[in-house]
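Let me begin by presenting the structure, written as structure tokens, before commenting on it.
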Amino acid sequence: MLDVRKLRLLRDLADRGTIAAVAAAHNYTPSAVSQQLAALEREAGTALLARTGRGVTLTAAGTVLAAHAEEVLAALERATAALAATRTGLSGPLRIGAFPTAMRTLLPAALVALAGEHPALDLTVDELDPALVPPRLRDGTLDVALVHDYDLVPIAPDPALDTTPLLDETMYLAATRPLDLAQCRAEPWILAGPGTLCHTMTLRACEAAGFLPRARHHADDFVTVLTLVAAGQGVAVVPELALRPPSPPPGVVLTPLATRRRTRFAYRSGAGSHPSIAEFIATVRSVTATGLPAPTIR
């Protein structure tokens, strides 16, 4: 019989690439991970790993077993969700991840509603970039998250995760005078931090318009970005959620762009029917549909 905990380590090795990374994710030593994977090989009766210099790769058998591990772990999530559904009331921890604009606009009212309706539910929220969400969901330190991507920067499906859509947003060019993107070739730009989805999206939008943006400032908080735009420090691309009150500041002119940002819920495969996660999703949907003020667009 194959051990589920060892299967999880093999799945994580397939995803993270090194035993050291798997060990760090689980707070194990690399030696402990290697021992567990060696034990899994004995249980499987075949080699799952091949040495490549100082590292390892999965054999054909290891790749097959890692893919089946995803199915096994998803089945366990469904079983956990079904068991939770037999209990009366919602209780226990619900660990939520969200990107900054969602933290400011979508979550506050949803958290108040959830706490009022389900006082035994222990809600905790971490603010983080969507790129950091998948490993946190896989290792169990998050249960559900709000993530986003852009039509110019789509995110490949993750076999360990399921997603469901929440909203699509228009992206806007923010400046101190009416401009279209092609007119911003010589403008200084306020870009998000390198490596973030927003940074990559802006680069691709500008490339499609025939130029690369010249960065003057880098800022990840859209309230800060819009404040810098209003101060004449450059132009920027911002999403619709960033335009909810109290922003944008006076003097910012907004031009809609063709590109869109998509916000989704993400959770481990099989976990979407867990009552706490399902209630969180339903509450955020309700707030999004009825509780958000209209964006301020000048």
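The chains in the structure tokens are called A, B, ... from first to last as shown; in each chain the residues are counted from 1, and the ligands are counted from 1 in the order shown.
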Can you tell me, as a PyMOL selection string, what residues are no more than 9 Å from Cys184 (chain A) when counting only C-alpha atoms, ignoring any on the same chain fewer than 5 positions away?
chain A and resi 179+189+206+211+213+235
Counting only C-alpha atoms, what is within 12 Å of Pro239 (chain A), bar same-chain residues fewer than 3 positions away, as a ChimeraX atom specification?
/A:100-102,148-150,167-174,198,201-202,221-223,225-226,236,242-244,247-248,254-263,295-297
CA of Glu43 (chain A) to CA of Leu2 (chain A), straight-line distance in Å
6.0 Å
When you look at Asp162 (chain A) with a cut-off of 9 Å (counting only C-alpha atoms), what residues show up, excluding the ones that are within fewer than 3 positions of it in the same chain? I need them as an MDAnalysis selection string.
chainID A and resid 157:159 265:272
Limited to N, CA and C atoms, could you put the picked residues into a file as a tab-separated table (two decimals), in the first residue's frame?
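Generated file (selection_16.tsv):
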chain	number	residue	atom	x	y	z
A	157	PRO	N	-2.87	26.34	-16.26
A	157	PRO	CA	-3.58	25.58	-15.23
A	157	PRO	C	-2.62	24.78	-14.37
A	158	ASP	N	-2.92	24.70	-13.09
A	158	ASP	CA	-2.13	23.92	-12.13
A	158	ASP	C	-2.94	22.67	-11.79
A	159	PRO	N	-2.42	21.48	-12.05
A	159	PRO	CA	-3.21	20.27	-11.80
A	159	PRO	C	-3.57	20.05	-10.34
A	265	PHE	N	-11.28	32.66	-7.78
A	265	PHE	CA	-11.01	31.95	-6.54
A	265	PHE	C	-10.14	30.74	-6.88
A	266	ALA	N	-9.18	30.44	-6.04
A	266	ALA	CA	-8.34	29.26	-6.22
A	266	ALA	C	-8.32	28.46	-4.92
A	267	TYR	N	-8.31	27.14	-5.06
A	267	TYR	CA	-8.30	26.25	-3.90
A	267	TYR	C	-7.79	24.90	-4.37
A	268	ARG	N	-7.44	24.03	-3.44
A	268	ARG	CA	-6.93	22.72	-3.82
A	268	ARG	C	-8.00	21.92	-4.57
A	269	SER	N	-7.56	21.14	-5.54
A	269	SER	CA	-8.50	20.32	-6.31
A	269	SER	C	-9.30	19.43	-5.36
A	270	GLY	N	-10.61	19.46	-5.53
A	270	GLY	CA	-11.49	18.67	-4.69
A	270	GLY	C	-12.03	19.40	-3.49
A	271	ALA	N	-11.47	20.59	-3.17
A	271	ALA	CA	-11.85	21.30	-1.94
A	271	ALA	C	-12.99	22.31	-2.15
A	272	GLY	N	-13.43	22.51	-3.37
A	272	GLY	CA	-14.42	23.54	-3.64
A	272	GLY	C	-15.75	23.32	-2.96
Residue list (strand (DSSP E), DSSP) for region 17-198 of chain A, as a VMD selection string
chain A and resid 49 to 52 55 to 58 92 to 98 121 to 127 144 to 150 161 to 175 188 to 191
Among the residues A:Leu106, A:Val72, A:Arg138, A:Ser286, the one that comes closest to Leu13 (chain A) [using only C-alpha atoms]:
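Among A:Leu106, A:Val72, A:Arg138, A:Ser286, it is A:Arg138 that comes nearest to Leu13 (chain A).
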Contacts of Leu58 (chain A) at 9 Å (only C-alpha atoms; same-chain gap of 5+ positions) as a PyMOL selection string:
chain A and resi 10+13-14+47-51+63+66
Which of region 108-149 of chain A counts as helix (DSSP H, G or I) under DSSP, as a PyMOL selection string please?
chain A and resi 108-117+130-138
Would you mind listing what lies within 6 Å of Gly97 (chain A) as a list in words, with only C-alpha atoms counted and same-chain residues fewer than 5 positions away left out?
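Near Gly97 (chain A), the qualifying residues are Val125, Asp126, Glu127 and Ala145 of chain A.
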